Amino acid sequence: MSIYRDTGIAPSEITPRQNFERRRFLRCAVGTLAAGLLPAPALASNAADTVALSARRAAHWSTSEPLTPLAKLLAYNNFYEFGSSKSDPALYAHKLPIRPWTVVVDGLVARPRRFDLDDLLRLAPLEERVYRLRCVEAWSMVVPWIGYPLATLLRAVEPLGSAKFVEFQSFYDPEVVTPHFFGFLEFPYVEGLRLDEALHPLTLFTLGLYGETLPRQNGAPVRIVVPWKYGYKSAKSIQRIRLVEEQPLTSWPKAEHRNYGFYANVNPGLSHPYWDQSRERRIGDIFKRPSQMFNGYGDAVASMYAGMDLQRNF
Ligand code: MTE
């Protein structure tokens, strides 16, 4: 159960950790100045702005592999709206305005709806699921994510029979994103899944990690996590989810269709011009380890691709 229900306090009423820490810092700084000493150089510009979120561990869906330390998850990110180096999101994602936040779920559905963050937190019991996530850049991580199946959210809007794909659109405001983003990606960032992939119980509508709401650099306040696909499928800071008939033109294939496919299933047998897909490095490890087909989730997901040529549908 979420702490919001335990305490009766709406998430929107809780002081974000960043504000709290800024106040504490200011109190300390004033105290230090009063004592005639110089304060510490600056408040860490880390984009962490989180509150506690409790959830029951879903053992069935969780790996028991060692977790990637939180500090590493906060400091090594891909979030091109906030820069193209791995350390940029921690420095610049504090600009992301996460409260209030709404997610519109519409398109080919019987009951289109705009959800605010409180609605989303209350829609279903929160689960903690420890998933591996592997990036196409051949690094990977193991994270205790918090959320519930995306299927729960999609069923709430009643998809029509004509809906075949789901499109996710991330936050974008040219006034807010940093100017030095990766040149060829167009924003807003768009991702997509086939409807059966989106309804698969492994696909997690994600509101937190490590017992707290999502840090901004990891895609606050809501993202998806699709653990058998390369990390770029796991869209961050989602504002709109649209059910559609045609396969959406998503950001990476739009930028470079030869090297980034729509399906993006982890496939060590399929080479990529920039990175060796047969091996991967867990963030923080020295040595690489072999990569696994479907990132090790084949038992649960391979049947969705039976009869498909995965060399062509990559
Ligand atoms: N979502 C948005 N909106 N923008 C992005 O640049 N990068 C993707 C994905 N989701 C990205 C995004 C990529 S390439 C990866 S590997 C993962 O987010 C990284 O998630 P993490 O920073 O939490 O590890």
# chains A, B, ... in the order shown; residues from 1 in each chain; ligands from 1
>>> residues_near_ligand(ligand="ligand 1", cutoff="8 Å", atoms="only C-alpha atoms and all ligand atoms", output="ChimeraX atom specification")
/A:73-74,76-82,133-137,141,169-171,188-190,217-219,223,230-238
>>> residues_around(residues="region 103-117 of chain A", least_positions_apart="2", cutoff="9 Å", atoms="only C-alpha atoms", output="ChimeraX atom specification")
/A:11-12,99-101,119-122,153-154,156-163,221-222,238-245
>>> write_last_selection(atoms="C-alpha atoms", output="short mmCIF file (atom, residue, chain, number, x, y, z; two decimals), in the first residue's frame")
data_model
loop_
_atom_site.label_atom_id
_atom_site.label_comp_id
_atom_site.auth_asym_id
_atom_site.auth_seq_id
_atom_site.Cartn_x
_atom_site.Cartn_y
_atom_site.Cartn_z
CA PRO A 11 1.11 13.11 -2.86
CA SER A 12 0.65 16.65 -4.12
CA ARG A 99 3.77 18.61 -9.91
CA PRO A 100 1.01 18.87 -10.93
CA TRP A 101 1.24 16.13 -13.59
CA ASP A 119 -5.39 8.91 -9.50
CA LEU A 120 -2.42 6.99 -10.86
CA LEU A 121 -1.05 6.20 -7.41
CA ARG A 122 -4.43 4.90 -6.30
CA LEU A 153 -4.16 1.36 -16.66
CA LEU A 154 -5.02 0.37 -20.23
CA ALA A 156 -9.35 1.18 -17.20
CA VAL A 157 -9.90 3.04 -20.49
CA GLU A 158 -11.29 0.00 -22.35
CA PRO A 159 -9.28 -0.42 -25.58
CA LEU A 160 -11.40 -0.84 -28.72
CA GLY A 161 -10.96 -3.87 -30.98
CA SER A 162 -9.30 -1.64 -33.60
CA ALA A 163 -6.43 -0.71 -31.21
CA PRO A 221 6.83 11.04 -12.18
CA VAL A 222 5.75 8.12 -14.42
CA ILE A 238 5.07 10.16 -19.88
CA GLN A 239 2.26 12.66 -20.47
CA ARG A 240 0.18 10.94 -23.09
CA ILE A 241 -0.62 7.32 -23.91
CA ARG A 242 -2.51 6.81 -27.15
CA LEU A 243 -3.99 3.58 -28.48
CA VAL A 244 -3.66 3.47 -32.24
CA GLU A 245 -4.17 1.17 -35.21
#
>>> residues_around(residues="Met304 (chain A)", least_positions_apart="4", cutoff="12 Å", atoms="only C-alpha atoms", output="list of chain:residue names")
A:Arg194, A:Leu195, A:Asp196, A:Glu197, A:Ala198, A:Leu199, A:His200, A:Trp228, A:Tyr263, A:Asn265, A:Phe294, A:Tyr297, A:Gly298, A:Asp299, A:Ala300, A:Met308, A:Leu310
>>> select_by_dssp(residues="region 26-177 of chain A", states="strand (DSSP E)", output="PyMOL selection string")
chain A and resi 56-57+102-107+113-116+127-134+139-149+165-170
>>> closest_residue(among="A:Pro290, A:Pro174, A:Pro69, A:Pro215", to="Ile98 (chain A)", atoms="only C-alpha atoms")
A:Pro215
>>> closest_atom_pairs(of="region 275-313 of chain A", to="region 257-261 of chain A", cutoff="12 Å", atoms="only C-alpha atoms", output="JSON lines")
{"residue": "A:Trp275", "atom": "CA", "partner": "A:Asn259", "partner_atom": "CA", "distance": 10.6}
{"residue": "A:Leu310", "atom": "CA", "partner": "A:Gly261", "partner_atom": "CA", "distance": 10.4}
{"residue": "A:Gln311", "atom": "CA", "partner": "A:Gly261", "partner_atom": "CA", "distance": 10.3}
{"residue": "A:Arg312", "atom": "CA", "partner": "A:Gly261", "partner_atom": "CA", "distance": 9.0}
{"residue": "A:Asn313", "atom": "CA", "partner": "A:Gly261", "partner_atom": "CA", "distance": 7.1}
>>> write_last_selection(atoms="all heavy atoms", output="CSV table (one decimal), in the first residue's frame")
chain,number,residue,atom,x,y,z
A,275,TRP,N,27.7,-1.0,-30.9
A,275,TRP,CA,28.0,-1.7,-29.6
A,275,TRP,C,27.9,-3.2,-29.8
A,275,TRP,O,27.0,-3.7,-30.5
A,275,TRP,CB,27.1,-1.3,-28.5
A,275,TRP,CG,27.1,0.1,-28.2
A,275,TRP,CD1,28.1,0.8,-27.4
A,275,TRP,CD2,26.2,1.1,-28.7
A,275,TRP,NE1,27.8,2.1,-27.4
A,275,TRP,CE2,26.7,2.4,-28.2
A,275,TRP,CE3,25.1,1.1,-29.5
A,275,TRP,CZ2,26.0,3.6,-28.4
A,275,TRP,CZ3,24.4,2.3,-29.8
A,275,TRP,CH2,24.9,3.5,-29.2
A,310,LEU,N,12.9,-12.4,-36.4
A,310,LEU,CA,13.5,-11.4,-35.5
A,310,LEU,C,14.7,-10.7,-36.0
A,310,LEU,O,15.2,-9.7,-35.5
A,310,LEU,CB,13.8,-12.0,-34.1
A,310,LEU,CG,12.5,-12.5,-33.4
A,310,LEU,CD1,12.9,-13.1,-32.0
A,310,LEU,CD2,11.4,-11.4,-33.2
A,311,GLN,N,15.3,-11.2,-37.1
A,311,GLN,CA,16.4,-10.5,-37.8
A,311,GLN,C,15.8,-9.3,-38.6
A,311,GLN,O,16.5,-8.2,-38.6
A,311,GLN,CB,17.1,-11.4,-38.8
A,311,GLN,CG,17.7,-12.7,-38.2
A,311,GLN,CD,19.0,-12.4,-37.6
A,311,GLN,OE1,19.8,-11.6,-38.0
A,311,GLN,NE2,19.3,-13.1,-36.5
A,312,ARG,N,14.6,-9.4,-39.1
A,312,ARG,CA,14.0,-8.3,-39.8
A,312,ARG,C,13.3,-7.4,-38.9
A,312,ARG,O,13.3,-6.2,-39.0
A,312,ARG,CB,13.1,-8.8,-40.9
A,312,ARG,CG,13.9,-9.5,-42.0
A,312,ARG,CD,13.0,-9.9,-43.2
A,312,ARG,NE,12.4,-8.7,-43.8
A,312,ARG,CZ,11.2,-8.7,-44.3
A,312,ARG,NH1,10.5,-9.8,-44.4
A,312,ARG,NH2,10.7,-7.6,-44.9
A,313,ASN,N,12.5,-8.0,-38.0
A,313,ASN,CA,11.7,-7.2,-37.0
A,313,ASN,C,12.6,-7.0,-35.7
A,313,ASN,O,12.3,-7.6,-34.7
A,313,ASN,CB,10.5,-7.9,-36.7
A,313,ASN,CG,9.6,-8.1,-37.9
A,313,ASN,OD1,9.0,-7.2,-38.4
A,313,ASN,ND2,9.5,-9.4,-38.3
>>> atom_distance(atom1="CA of Leu204 (chain A)", atom2="CA of Val226 (chain A)")
6.6 Å
>>> atom_distance(atom1="CA of Pro273 (chain A)", atom2="CA of Thr68 (chain A)")
27.2 Å
